[in-house]
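Chemist: My questions all concern the structure below.
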Amino acid sequence: MKSDLEDMDPLRLKEWFAKPYSVTVTTILFFLLVLYRAWLYVANWLESVLANGLTPGDVTFIKALTFILVLLIANIVYMVLSKQVGLLKTVEDQEKKIFLCELKFRNFIDNVPDVAVQGFDPDCTVIYWNVASEKMYDYPKNEAIGKKLTELVIPCENKNDFLQIIGSMEKDRTYVCASENTFLTKKGKKIPVFSSYSAVQIPEDHFEIFSMEIDLTERKRMEQNLMEAKELAEASNIAKSEFLAGMSHEIRTPLNAIIGFSDLLIENFAGPLNEKQMKYAKNISISGKHLLGLINDILDLSKAEAGKMELQYEEVSVPLIVREIAEVMRPSASGRGITISTDIEHDAGIVEADSGKLKQILYNLIGNASKFSIDGGNITVRVRVVEKFMQFEVEDSGIGIKEEDLPKLFKPFSQIDESTERNTERNTERNTEKKHEGTGLGLSLVKKLVELHGGDVWVKSEYGKYSIFGFSLPLQCSPVK
């Protein structure tokens, strides 16, 4: 390919004229070799004519020379005119393209929905007003253009801030500003907007300013509705907590009497009972104590939610309290062949906490594990120190929890609707007919008590195999305020 190009340009003129000095050198050589010699020839010929007069050959030469000059002049005129026409056509094409681009841009800005765009001079005289501006501020385009923006939409109290923005743009043309403001409509109505300003440079060192606004009225209304809904929900929650607390206190007084008298009957203080009477008395006592526990959980949960529960911090021996609770709960678990063991690391010693609330947390978790464990299963309570936290885990070899049920945990009055599947035939029929007793308050209360201490709760489970409920407490007192 290269050889073909060299054949077409044997003198390598393209290569020569690509050099920056080629035109100057070529012009000088052409002048010295052609134009200067031609000038010498014509000069000598004129001297000869002046000395000897014209001859027929001279007339022919003059005609030929003048014809060549006419052709040269015509060619020069043609080239100049062609170049001028080409330049004019190029300029016209570029102007058409610029006009079309500007028209497309203006059409886009004119019809962009919900974004009011205005253009104005540094003296605030409006030069552009799109359709969204007409809708937002109620000023038609022909009425707005030519007037001061400060007379149309800028409130008096915001005028100084607006002029300060323009002054900043006069000093620095790259300055941009965006903020929430309040503008006026034609009827004097104030509307919240998010506005932004930017400068556009034009010839002769002048500039124009364009502002864009988005109406925030709907968003502000939604924010207000959300705030009112939040306040209503908080008020409802307080009213609920006060109602539950009041109701629970009213119920607890007669309930203590019921439990007390039923226990007296069981202990034969009113005389011996027959087998059926003893069974009924025990059922009354058990049900009463269950109901009392429920009421106590409701009271504690209400206090925690209302922020009225106070923790009594002290230095608690974790190994001592864990082993104590495990020992207390072993008899009730052993009835179903469930073993409770502890795994306490040697560095798990003292934690600053409310000992009563810590016991309540562990009773709830171990009791929950016992309830959902299979007969003959194992419950392990693990304790270890992780950084600045004491970490507790209660693991059971029970029915586990389905992944879709995990979000239901730790919510008040929410219990997973699941029946246990025992391995023994003795419990199969009983557990397929009856769901686990409970209200779902235990785990919710656990979460509240742990968070009051400044800790976290978590759960890990594999359905049909195991569940691990864990929580952590700061080693040193860091209550949530």
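Letters for chains follow the order of the structure tokens (A, B, ...), residue numbers begin at 1 for each chain, and ligand numbers begin at 1 in the order shown.
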When you look at Phe183 of chain A with a cut-off of 7 Å (counting only C-alpha atoms), what residues show up, excluding the ones that are within fewer than 4 positions of it in the same chain? I need them as an MDAnalysis selection string.
Modeler: chainID A and resid 153:155 190:193
Chemist: Could you write out the selected residues, including all heavy atoms, as a CSV table (one decimal), in the first residue's frame?
Modeler:
chain,number,residue,atom,x,y,z
A,153,VAL,N,-41.3,36.2,42.8
A,153,VAL,CA,-41.4,35.0,43.7
A,153,VAL,C,-40.6,35.0,44.9
A,153,VAL,O,-40.7,34.2,45.8
A,153,VAL,CB,-41.0,33.7,42.9
A,153,VAL,CG1,-42.0,33.6,41.7
A,153,VAL,CG2,-39.6,33.8,42.4
A,154,ILE,N,-39.7,36.0,45.0
A,154,ILE,CA,-38.8,36.0,46.2
A,154,ILE,C,-39.4,36.8,47.3
A,154,ILE,O,-39.7,38.0,47.2
A,154,ILE,CB,-37.4,36.7,45.9
A,154,ILE,CG1,-36.8,36.0,44.7
A,154,ILE,CG2,-36.5,36.6,47.1
A,154,ILE,CD1,-36.4,34.6,44.9
A,155,PRO,N,-39.7,36.2,48.5
A,155,PRO,CA,-40.3,36.9,49.6
A,155,PRO,C,-39.3,38.0,50.2
A,155,PRO,O,-38.1,37.8,50.0
A,155,PRO,CB,-40.5,35.8,50.7
A,155,PRO,CG,-40.4,34.5,49.9
A,155,PRO,CD,-39.5,34.8,48.8
A,190,LYS,N,-47.2,31.0,50.1
A,190,LYS,CA,-45.9,30.6,50.2
A,190,LYS,C,-45.8,29.0,50.0
A,190,LYS,O,-46.6,28.3,50.5
A,190,LYS,CB,-45.4,30.9,51.6
A,190,LYS,CG,-45.2,32.4,51.9
A,190,LYS,CD,-44.6,32.6,53.3
A,190,LYS,CE,-44.3,34.1,53.5
A,190,LYS,NZ,-43.7,34.4,54.8
A,191,ILE,N,-44.8,28.6,49.2
A,191,ILE,CA,-44.6,27.2,48.9
A,191,ILE,C,-43.1,26.9,49.2
A,191,ILE,O,-42.2,27.6,48.9
A,191,ILE,CB,-44.9,26.8,47.5
A,191,ILE,CG1,-44.2,27.7,46.5
A,191,ILE,CG2,-46.4,27.0,47.2
A,191,ILE,CD1,-44.4,27.3,45.0
A,192,PRO,N,-42.9,25.7,49.9
A,192,PRO,CA,-41.5,25.3,50.1
A,192,PRO,C,-40.9,24.7,48.9
A,192,PRO,O,-41.6,23.9,48.2
A,192,PRO,CB,-41.7,24.2,51.2
A,192,PRO,CG,-43.1,23.7,51.0
A,192,PRO,CD,-43.9,24.8,50.5
A,193,VAL,N,-39.7,25.1,48.6
A,193,VAL,CA,-39.1,24.6,47.3
A,193,VAL,C,-37.6,24.2,47.7
A,193,VAL,O,-37.0,24.7,48.6
A,193,VAL,CB,-39.1,25.6,46.2
A,193,VAL,CG1,-40.5,25.9,45.8
A,193,VAL,CG2,-38.3,26.9,46.6
Chemist: How many Å lie between atom CA of Phe471 of chain A and atom CA of Gly377 of chain A, rounded to one decimal?
Modeler: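 The value is 22.2 Å.
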Chemist: For atom CA of Ile145 of chain A and atom CA of Met212 of chain A, quote the distance in Å rounded to one decimal.
Modeler: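 Straight-line distance from atom CA of Ile145 of chain A to atom CA of Met212 of chain A works out to 15.9 Å.
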Chemist: To test your reading of the structure, identify every residue in segment 298-409 of chain A that backbone DSSP assigns to strand (DSSP E), and report it as a PyMOL selection string.
Modeler: chain A and resi 314-317+339-344+350-353+378-386+389-396
Chemist: Export, as a CSV table (one decimal), in the first residue's frame, the selected residues with N, CA, C and O atoms.
Modeler:
chain,number,residue,atom,x,y,z
A,314,GLU,N,-24.8,-3.9,90.2
A,314,GLU,CA,-23.9,-4.4,91.2
A,314,GLU,C,-22.9,-5.4,90.5
A,314,GLU,O,-23.1,-5.8,89.4
A,315,GLU,N,-21.9,-5.8,91.2
A,315,GLU,CA,-20.9,-6.7,90.7
A,315,GLU,C,-21.5,-8.1,90.9
A,315,GLU,O,-21.7,-8.6,92.0
A,316,VAL,N,-21.7,-8.8,89.8
A,316,VAL,CA,-22.4,-10.1,89.8
A,316,VAL,C,-21.4,-11.2,89.4
A,316,VAL,O,-20.7,-11.1,88.4
A,317,SER,N,-21.3,-12.3,90.2
A,317,SER,CA,-20.5,-13.4,89.9
A,317,SER,C,-21.2,-14.3,88.9
A,317,SER,O,-22.2,-15.0,89.2
A,339,THR,N,-31.4,-32.9,80.2
A,339,THR,CA,-30.2,-32.6,81.0
A,339,THR,C,-29.8,-31.1,80.8
A,339,THR,O,-29.9,-30.6,79.7
A,340,ILE,N,-29.4,-30.4,81.8
A,340,ILE,CA,-29.0,-29.0,81.7
A,340,ILE,C,-27.5,-29.0,82.2
A,340,ILE,O,-27.2,-29.3,83.4
A,341,SER,N,-26.6,-28.6,81.3
A,341,SER,CA,-25.2,-28.5,81.7
A,341,SER,C,-24.7,-27.1,81.4
A,341,SER,O,-25.3,-26.3,80.7
A,342,THR,N,-23.6,-26.7,82.1
A,342,THR,CA,-23.0,-25.4,81.9
A,342,THR,C,-21.6,-25.5,81.3
A,342,THR,O,-20.9,-26.5,81.6
A,343,ASP,N,-21.2,-24.5,80.5
A,343,ASP,CA,-19.9,-24.5,79.9
A,343,ASP,C,-19.4,-23.1,80.1
A,343,ASP,O,-19.6,-22.2,79.3
A,344,ILE,N,-18.7,-22.8,81.2
A,344,ILE,CA,-18.2,-21.5,81.6
A,344,ILE,C,-16.7,-21.4,81.5
A,344,ILE,O,-16.0,-22.1,82.1
A,350,ILE,N,-16.7,-11.6,86.7
A,350,ILE,CA,-17.6,-10.6,87.2
A,350,ILE,C,-18.1,-9.7,86.1
A,350,ILE,O,-17.4,-9.3,85.2
A,351,VAL,N,-19.4,-9.4,86.2
A,351,VAL,CA,-20.0,-8.4,85.3
A,351,VAL,C,-20.8,-7.4,86.1
A,351,VAL,O,-21.5,-7.8,87.1
A,352,GLU,N,-20.8,-6.2,85.7
A,352,GLU,CA,-21.7,-5.2,86.3
A,352,GLU,C,-23.1,-5.2,85.7
A,352,GLU,O,-23.2,-4.8,84.6
A,353,ALA,N,-24.1,-5.6,86.5
A,353,ALA,CA,-25.4,-5.8,86.0
A,353,ALA,C,-26.4,-5.8,87.1
A,353,ALA,O,-26.0,-5.8,88.3
A,378,ASN,N,-30.7,-32.2,75.4
A,378,ASN,CA,-29.7,-31.6,76.2
A,378,ASN,C,-29.8,-30.1,76.1
A,378,ASN,O,-30.1,-29.5,75.0
A,379,ILE,N,-29.6,-29.4,77.2
A,379,ILE,CA,-29.6,-27.9,77.2
A,379,ILE,C,-28.2,-27.5,77.7
A,379,ILE,O,-27.8,-28.0,78.8
A,380,THR,N,-27.5,-26.7,77.0
A,380,THR,CA,-26.2,-26.2,77.4
A,380,THR,C,-26.1,-24.7,77.5
A,380,THR,O,-26.6,-24.0,76.6
A,381,VAL,N,-25.7,-24.2,78.7
A,381,VAL,CA,-25.5,-22.8,78.9
A,381,VAL,C,-24.0,-22.5,78.8
A,381,VAL,O,-23.3,-22.9,79.7
A,382,ARG,N,-23.7,-21.7,77.8
A,382,ARG,CA,-22.2,-21.3,77.6
A,382,ARG,C,-22.0,-19.8,78.0
A,382,ARG,O,-22.9,-19.0,77.7
A,383,VAL,N,-20.9,-19.6,78.6
A,383,VAL,CA,-20.5,-18.2,79.0
A,383,VAL,C,-19.1,-18.0,78.6
A,383,VAL,O,-18.2,-18.8,79.0
A,384,ARG,N,-18.8,-16.8,78.0
A,384,ARG,CA,-17.4,-16.5,77.7
A,384,ARG,C,-17.3,-15.0,77.6
A,384,ARG,O,-18.3,-14.3,77.4
A,385,VAL,N,-16.0,-14.5,77.7
A,385,VAL,CA,-15.8,-13.1,77.5
A,385,VAL,C,-15.3,-12.8,76.1
A,385,VAL,O,-14.4,-13.5,75.6
A,386,VAL,N,-16.0,-11.9,75.4
A,386,VAL,CA,-15.6,-11.5,74.0
A,386,VAL,C,-15.4,-10.0,74.1
A,386,VAL,O,-16.3,-9.2,74.2
A,389,PHE,N,-17.3,-7.6,76.5
A,389,PHE,CA,-18.7,-8.0,76.7
A,389,PHE,C,-18.6,-9.5,77.3
A,389,PHE,O,-17.8,-10.3,77.0
A,390,MET,N,-19.6,-9.7,78.2
A,390,MET,CA,-19.8,-11.1,78.7
A,390,MET,C,-20.9,-11.7,77.8
A,390,MET,O,-22.0,-11.1,77.7
A,391,GLN,N,-20.6,-12.8,77.1
A,391,GLN,CA,-21.5,-13.4,76.2
A,391,GLN,C,-22.1,-14.7,76.7
A,391,GLN,O,-21.4,-15.6,77.2
A,392,PHE,N,-23.4,-14.8,76.6
A,392,PHE,CA,-24.2,-15.9,77.1
A,392,PHE,C,-24.9,-16.6,75.9
A,392,PHE,O,-25.4,-15.9,75.1
A,393,GLU,N,-24.9,-17.9,75.9
A,393,GLU,CA,-25.6,-18.7,74.9
A,393,GLU,C,-26.4,-19.9,75.6
A,393,GLU,O,-25.8,-20.6,76.4
A,394,VAL,N,-27.6,-20.0,75.2
A,394,VAL,CA,-28.4,-21.2,75.7
A,394,VAL,C,-28.8,-22.0,74.5
A,394,VAL,O,-29.6,-21.6,73.6
A,395,GLU,N,-28.2,-23.2,74.4
A,395,GLU,CA,-28.5,-24.1,73.2
A,395,GLU,C,-29.3,-25.3,73.6
A,395,GLU,O,-29.1,-25.9,74.7
A,396,ASP,N,-30.3,-25.6,72.8
A,396,ASP,CA,-31.1,-26.8,73.1
A,396,ASP,C,-31.2,-27.7,71.8
A,396,ASP,O,-31.0,-27.2,70.7
Chemist: Taking only C-alpha atoms into account, name the residue in A:Arg106, A:Lys465, A:Lys148, A:Arg336 that is nearest to Phe120 of chain A.
Modeler: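 Under the stated criterion, the closest residue is A:Lys148.
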Chemist: List as a PyMOL selection string the protein and nucleic acid residues near Lys448 of chain A, meaning an atom at most 9 Å away when only C-alpha atoms are counted, but skip any in the same chain fewer than 3 places from it.
Modeler: chain A and resi 301+304-305+410+443-445+451-453
